[in-house]
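Visitor: Provided herewith is a single structure, encoded as structure tokens, for subsequent inquiry.
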Amino acid sequence: MHIFNKPNYDFLRWRWHALALSWLIIIAGIATIVTKGIPQGVEFAGGTVLILQFDQPTSVQQVRAALDKSFPGGGQSVIVQTYGDASRREVMIRVPQVGAESGASLSTTADAVENALKQGTVGTFKRSGTEIVGPAVGRELRSKGLQATVLSLIGILLYLAFRFQFSFGVGAVIATIHDLLITLAFLAFFRYDMSLNVVAAILTMTGYSTNDTIVIFDRIRENLRSMRRDSLNQVINISVNQTLGRTVITSGTALLTALALFFFGGEVLHGFAFTMVVGIITGTYSSVFIAAAIVSFWRGSGPTRAAAHAPATTVVAPQQPTRRSKPQRKARAS
Amino acid sequence: MPSNLRWKVITILAVFVVFGSVGVYPIVAAHYGVHSPGWLMDKQLKLGLDLKGGVHLVLRVQTDDALRIETETEMERLREELTKRGMTGVTVTSPDSTHFRVEGVPPAQDAAFRQAAIEVQANFDRSAGTNGTYTFTMKPNIVVNLRDDSVVQARQTIERRVNELGVTEPDIAQQGEGGDEILVQLPGVTDVERAKEIIRSTGLLELKIVEQGPSPTAEALQQNGQVPAGMEIVPGATGTAGEAAGTVYYLVRKAAAVTGRDLRNARPSLDENNQAAVSFTLNSEGGRKFGKVTSENIGRQLAIILDGRVQSAPRIDSRITTDGRITGSFTQEEVQNLSLILRSGALPASLTYLQERTIGPSLGADSIRSGVLASVVGLLLVVSFMLVYYRLSGVNAVVALIFNLIILLGLMAYIGAVMTLPGIAGFVLTMGIGVDSNVLIFERIKEELEAQRGVRAAINAGFSRVFWTLVDTHVSALISAAFLFQFGTGPIRGFAVTLFFGLISNLFTSIFVSKTLFELALARRHQVATLSI
């Protein structure tokens, strides 16, 4: 069975359109982030989150009204949402402040919310979950999250530069940064909270999106050896087409699992699964349209022999183990 | 069967048995109540807090406290030494936790002062200023040691308290950039407030002789507007349980007759009025000191001070050696907690809470339900796709996937990893991304078949050509998993661990297991013309 029967699309011809589309989304994303900000989860922003389970069905409006009336400082800054499946009658309440960090009073805000609700007419409830984060923790996490993302990008760049040529490393890392920005843009469009889980998904996505790219690069490298007369752009196009079926199928299976998590994984995994879904789609798109195009910009698009200046063997990274080329020679002979 | 193929099959079966018995068997056995040897069940995959329910706390040790205590102790020693040498006009003050200043040393007595100051030379650097002024600065290595020690001691004290609370499988660890944070995870604990209070209480017990008091104001106890040398003023509460408590002050001797360090045991008891109280027993060293002080001070009051507050100040009627009782306005629960805290020893520094997360048991159970549902749906989708698209070769991929699952479960159980909700997500994603390798290989085999290769040659070429591609993709994914682990705490670490080991076991199953399966299928047939792929 084949998804594509001998595909022969001219992907590089579409690179300008692809770039324009990507820039459009990224700029819109940045504009959203600048004007509205990235909503931050309680782990990063600090604050108090309560998950309350009510004995009778209660509406968000009722809870909000009770808070407006009795919560010190009013309910304006408080977020009230239904949490999870409606049958569980759970409500999430998020307050930006916490009690003073010193002393045992970190939970005073949580207690104040509970007291305010007890004074209102929202029925009986019990706390099924609490999360209280002081400002110091959030600060530390923010810097660590950013650090981990940047370091893992540098790690991937170095590894690819070692295994391929530098231009390939640059292509893969730019494609990954592209995926990162697109994913952030979509998180901003859909107003998902930046939580620890979302950062985990973003980091996973950086690893995953380079996967597709590497497979295509590997094929380009292989074809560069056998198609020395063709221009780099032709080689790239042929390589992308040859791996197209595989690219689409693997993204498809990964997407299936991410979608299963999105629809069935429950409230906690929602942001995580959303990030993965967006990351997988943009990762596939960037592997096909962006990564190789960057290599082509970087090296110029003339015949590969001219572009490489040096003997053709240097096209293969010097660290290339001999094992890799052996089976190929055998294959040609057979 | 060729002998190298036989060895491959044996290797795979051995891996299957080992990882299956570590990773899968205990879970199944526990679920159906099958009796199994303990060493096997001990390795069972543990559930994280977010699935099991419980409390997750992050505390910071205020290590400055430990420095301040050290500075004050040394200051006090120097002051005593100076008094002994008759230098009364000298003042000693401490501007912050690592410095103290001496002012007004008469030039004539400078040599004598230096002689006295040698007493504190070990931990402090001394620098001379003008007009008989000296500044003592704590040595940097002492500062570092004291900070480290106080965090370690705090952790050990918290461990003892948590054990006294009877929590099973608690997790207590140091963390944070400064190394001064302590993570406390208490699975299954529902009374959060009690746990928090017990962990945080300093639990410093001091018994001191009262010089004067109780008095309604602190000023009334001062002489000429100053606290007399060697004394201090400590607040306390009036009245017994039930009465409205006001604050009174006591002037007590600064040197404690006995402290919590001399305790052997503490337990809840009742006083003569049937009020809840805490009885304590001192060790022999403490008993000797206490006996001496009480026999010298019969008729005076003894202040029982807990965390800087006088709980009660009974009159000493006779010499007391090893047994005493703390009375005050306590409830039954308070004396329970107090005796627990006293038994586990005092904290070297105060603690503040940075983060608190509570997961109720129902919320955890709900997370397990949705996590498992999502996994099953995700896996079924992937498996059906592979079977429809690759037919018989799809069976090969599915067998490899099941192997991958079993190895991953076994590895995680073996290293004692904790399963969290993001960890479950990591499982599903590992499987979804894991078939990636199979797809890559199969697509390559298809290409080779189209290039009119024989089936065997196509399979061999398919595997060997993508081998380095697979290594590259896995290494780059491992790089990001490693950074994720280093960044994350708790649930995220669980996710990173799953991802990391999933990638490694995937390399094994997609290359070694899958190839062997192909070889096994082809071994019996001599002329192979077609491949179901």
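Lettering and numbering for the structure tokens are positional, with chains as A, B, ... in the shown order, residues counted from 1 in each chain, and ligands counted from 1 in the shown order.
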For chain A, which residues have at least one atom within 6 Å of chain B, if we go by only C-alpha atoms? Write them as a PyMOL selection string, please.

Guide: chain A and resi 102-103+128-134+144+148+152+156+207+211+250+253-254+257+260-261+264-266

Visitor: What's around stretch 341-347 of chain B at 12 Å? Count only C-alpha atoms, leave out sequence neighbours fewer than 5 positions away in its own chain, and write the answer as a JSON list (two decimals) with C-alpha atoms, in the first residue's frame.

Guide:
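Okay, selection-v4.json is ready:
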```json
[["chain", "number", "residue", "atom", "x", "y", "z"],
["B", 61, "VAL", "CA", 15.87, 26.51, 55.18],
["B", 62, "GLN", "CA", 16.63, 29.98, 56.52],
["B", 63, "THR", "CA", 20.32, 29.22, 56.85],
["B", 65, "ASP", "CA", 19.42, 31.61, 61.39],
["B", 66, "ALA", "CA", 22.20, 29.12, 61.92],
["B", 149, "ASP", "CA", 25.18, 21.60, 57.88],
["B", 150, "SER", "CA", 21.97, 23.38, 58.77],
["B", 151, "VAL", "CA", 20.27, 22.17, 55.58],
["B", 152, "VAL", "CA", 21.41, 18.60, 56.17],
["B", 153, "GLN", "CA", 20.32, 18.72, 59.81],
["B", 154, "ALA", "CA", 16.97, 20.21, 58.86],
["B", 155, "ARG", "CA", 16.46, 17.43, 56.34],
["B", 156, "GLN", "CA", 17.30, 14.77, 58.89],
["B", 157, "THR", "CA", 14.98, 16.31, 61.45],
["B", 158, "ILE", "CA", 12.17, 16.46, 58.91],
["B", 159, "GLU", "CA", 12.83, 12.81, 58.04],
["B", 160, "ARG", "CA", 12.49, 11.83, 61.69],
["B", 161, "ARG", "CA", 9.27, 13.81, 62.05],
["B", 162, "VAL", "CA", 7.77, 12.36, 58.90],
["B", 163, "ASN", "CA", 8.64, 8.87, 60.09],
["B", 164, "GLU", "CA", 6.96, 9.61, 63.42],
["B", 165, "LEU", "CA", 3.90, 10.72, 61.49],
["B", 194, "ARG", "CA", -1.14, 19.08, 60.64],
["B", 195, "ALA", "CA", 1.68, 17.74, 58.48],
["B", 197, "GLU", "CA", 2.72, 22.48, 61.13],
["B", 198, "ILE", "CA", 4.70, 19.53, 62.44],
["B", 199, "ILE", "CA", 7.33, 19.80, 59.75],
["B", 200, "ARG", "CA", 7.82, 23.50, 60.21],
["B", 201, "SER", "CA", 7.85, 23.81, 64.02],
["B", 202, "THR", "CA", 11.33, 24.65, 65.17],
["B", 203, "GLY", "CA", 10.76, 22.54, 68.26],
["B", 204, "LEU", "CA", 13.44, 24.29, 70.34],
["B", 205, "LEU", "CA", 12.86, 23.54, 74.01],
["B", 206, "GLU", "CA", 14.76, 25.54, 76.63],
["B", 259, "THR", "CA", 17.72, 22.34, 76.16],
["B", 260, "GLY", "CA", 15.91, 19.94, 73.87],
["B", 261, "ARG", "CA", 19.23, 18.29, 73.06],
["B", 262, "ASP", "CA", 19.27, 16.77, 76.51],
["B", 263, "LEU", "CA", 15.90, 15.08, 75.96],
["B", 264, "ARG", "CA", 15.61, 11.35, 75.86],
["B", 265, "ASN", "CA", 11.87, 11.08, 75.36],
["B", 266, "ALA", "CA", 8.65, 13.09, 75.32],
["B", 267, "ARG", "CA", 5.09, 11.81, 75.48],
["B", 268, "PRO", "CA", 1.56, 13.17, 75.98],
["B", 278, "VAL", "CA", 3.71, 16.73, 77.72],
["B", 279, "SER", "CA", 5.96, 14.67, 80.00],
["B", 280, "PHE", "CA", 9.62, 14.46, 79.17],
["B", 281, "THR", "CA", 12.59, 12.46, 80.31],
["B", 282, "LEU", "CA", 16.13, 13.83, 80.17],
["B", 306, "LEU", "CA", 9.29, 26.51, 73.41],
["B", 307, "ASP", "CA", 10.36, 28.29, 70.22],
["B", 326, "ILE", "CA", 5.38, 20.89, 80.20],
["B", 334, "GLU", "CA", -1.39, 19.90, 70.40],
["B", 335, "VAL", "CA", 0.30, 17.72, 73.00],
["B", 336, "GLN", "CA", 0.36, 14.84, 70.52]]
```

Visitor: Which of these, B:Ala303, B:Val167, B:Ala256, B:Ala14, has the shortest distance to B:Asp191 once you count only C-alpha atoms?

Guide: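 Going through B:Ala303, B:Val167, B:Ala256, B:Ala14 one by one, the smallest distance to B:Asp191 is for B:Val167.
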
Visitor: Please return, as a list in words, all residues of stretch 72-115 of chain B that DSSP assigns to strand (DSSP E or B) on the basis of the backbone.

Guide: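 Across stretch 72-115 of chain B, those assigned strand (DSSP E or B) are Thr91, Val92, Thr93, Ser94, Pro95, Asp96, His99, Phe100, Arg101, Val102 and Glu103 of chain B.
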
Visitor: Hey, can you spit out that residue selection with C-alpha atoms as a JSON list (two decimals), in the first residue's frame?

Guide:
```json
[["chain", "number", "residue", "atom", "x", "y", "z"],
["B", 91, "THR", "CA", 30.30, 47.11, 74.05],
["B", 92, "VAL", "CA", 29.73, 44.17, 71.70],
["B", 93, "THR", "CA", 27.05, 44.42, 69.00],
["B", 94, "SER", "CA", 26.09, 42.40, 65.95],
["B", 95, "PRO", "CA", 24.98, 44.32, 62.82],
["B", 96, "ASP", "CA", 24.13, 41.16, 60.84],
["B", 99, "HIS", "CA", 29.60, 40.04, 61.81],
["B", 100, "PHE", "CA", 29.99, 41.53, 65.25],
["B", 101, "ARG", "CA", 31.66, 44.70, 66.41],
["B", 102, "VAL", "CA", 33.54, 45.50, 69.55],
["B", 103, "GLU", "CA", 33.80, 49.16, 70.56]]
```

Visitor: Which neighbours of stretch 177-190 of chain A fall inside 8 Å, counting only C-alpha atoms, when residues of the same chain fewer than 6 positions from it are skipped, and could you give them as a PyMOL selection string?

Guide: chain A and resi 22+25-26+28-30+32-33+37-39+202+206+209+275+278-279+282-283+286

Visitor: Any idea what the distance is between atom CA of B:Ala400 and atom CA of A:Gly155?

Guide: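 Here the two named atoms are 29.5 Å from each other.
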
Visitor: Using only C-alpha atoms, determine which residues lie at most 9 Å from stretch 106-121 of chain B, disregarding the query and same-chain residues fewer than 4 positions distant; provide the list as a list of chain:residue names.

Guide: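 Close residues of stretch 106-121 of chain B: B:Glu74, B:Met75, B:Arg77, B:Leu78, B:Glu81, B:Leu82, B:Arg85, B:Met87, B:Gly89, B:Val90, B:Asp125, B:Arg126, B:Asn131, B:Gly132, B:Phe136.
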
Visitor: For B:Leu183, list every protein, DNA or RNA residue within 7 Å, evaluated using only C-alpha atoms, and leave out those in the same chain fewer than 4 positions away; present the list as a ChimeraX atom specification.

Guide: /B:57-59,172-175

Visitor: Taking only C-alpha atoms into account, name the residue in A:Leu67, A:Ile51, A:Val78, A:Val42 that is nearest to A:Pro135.

Guide: A:Val42

Visitor: Choose the residue, out of A:Val248, A:Ile294, A:Ile79, A:Val91, that has the smallest atom-to-atom separation from A:Pro57; count only C-alpha atoms.

Guide: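 Checking each of A:Val248, A:Ile294, A:Ile79, A:Val91 against A:Pro57, counting only C-alpha atoms, the winner is A:Val91.
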
Visitor: Which distance in Å separates atom CA of A:Ala172 and atom CA of A:Ala291, to one decimal?

Guide: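 Computing the Euclidean distance for atom CA of A:Ala172 and atom CA of A:Ala291 yields 5.6 Å.
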
Visitor: Give me, as a list in words, all polymer residues having an atom no more than 9 Å from A:Phe168, counting only C-alpha atoms and skipping those fewer than 6 positions away in the same chain.

Guide: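 The neighbour list is Leu157, Leu160, Ala161, Ile214, Phe217, Ala291, Ala292, Ile294 and Val295 of chain A.
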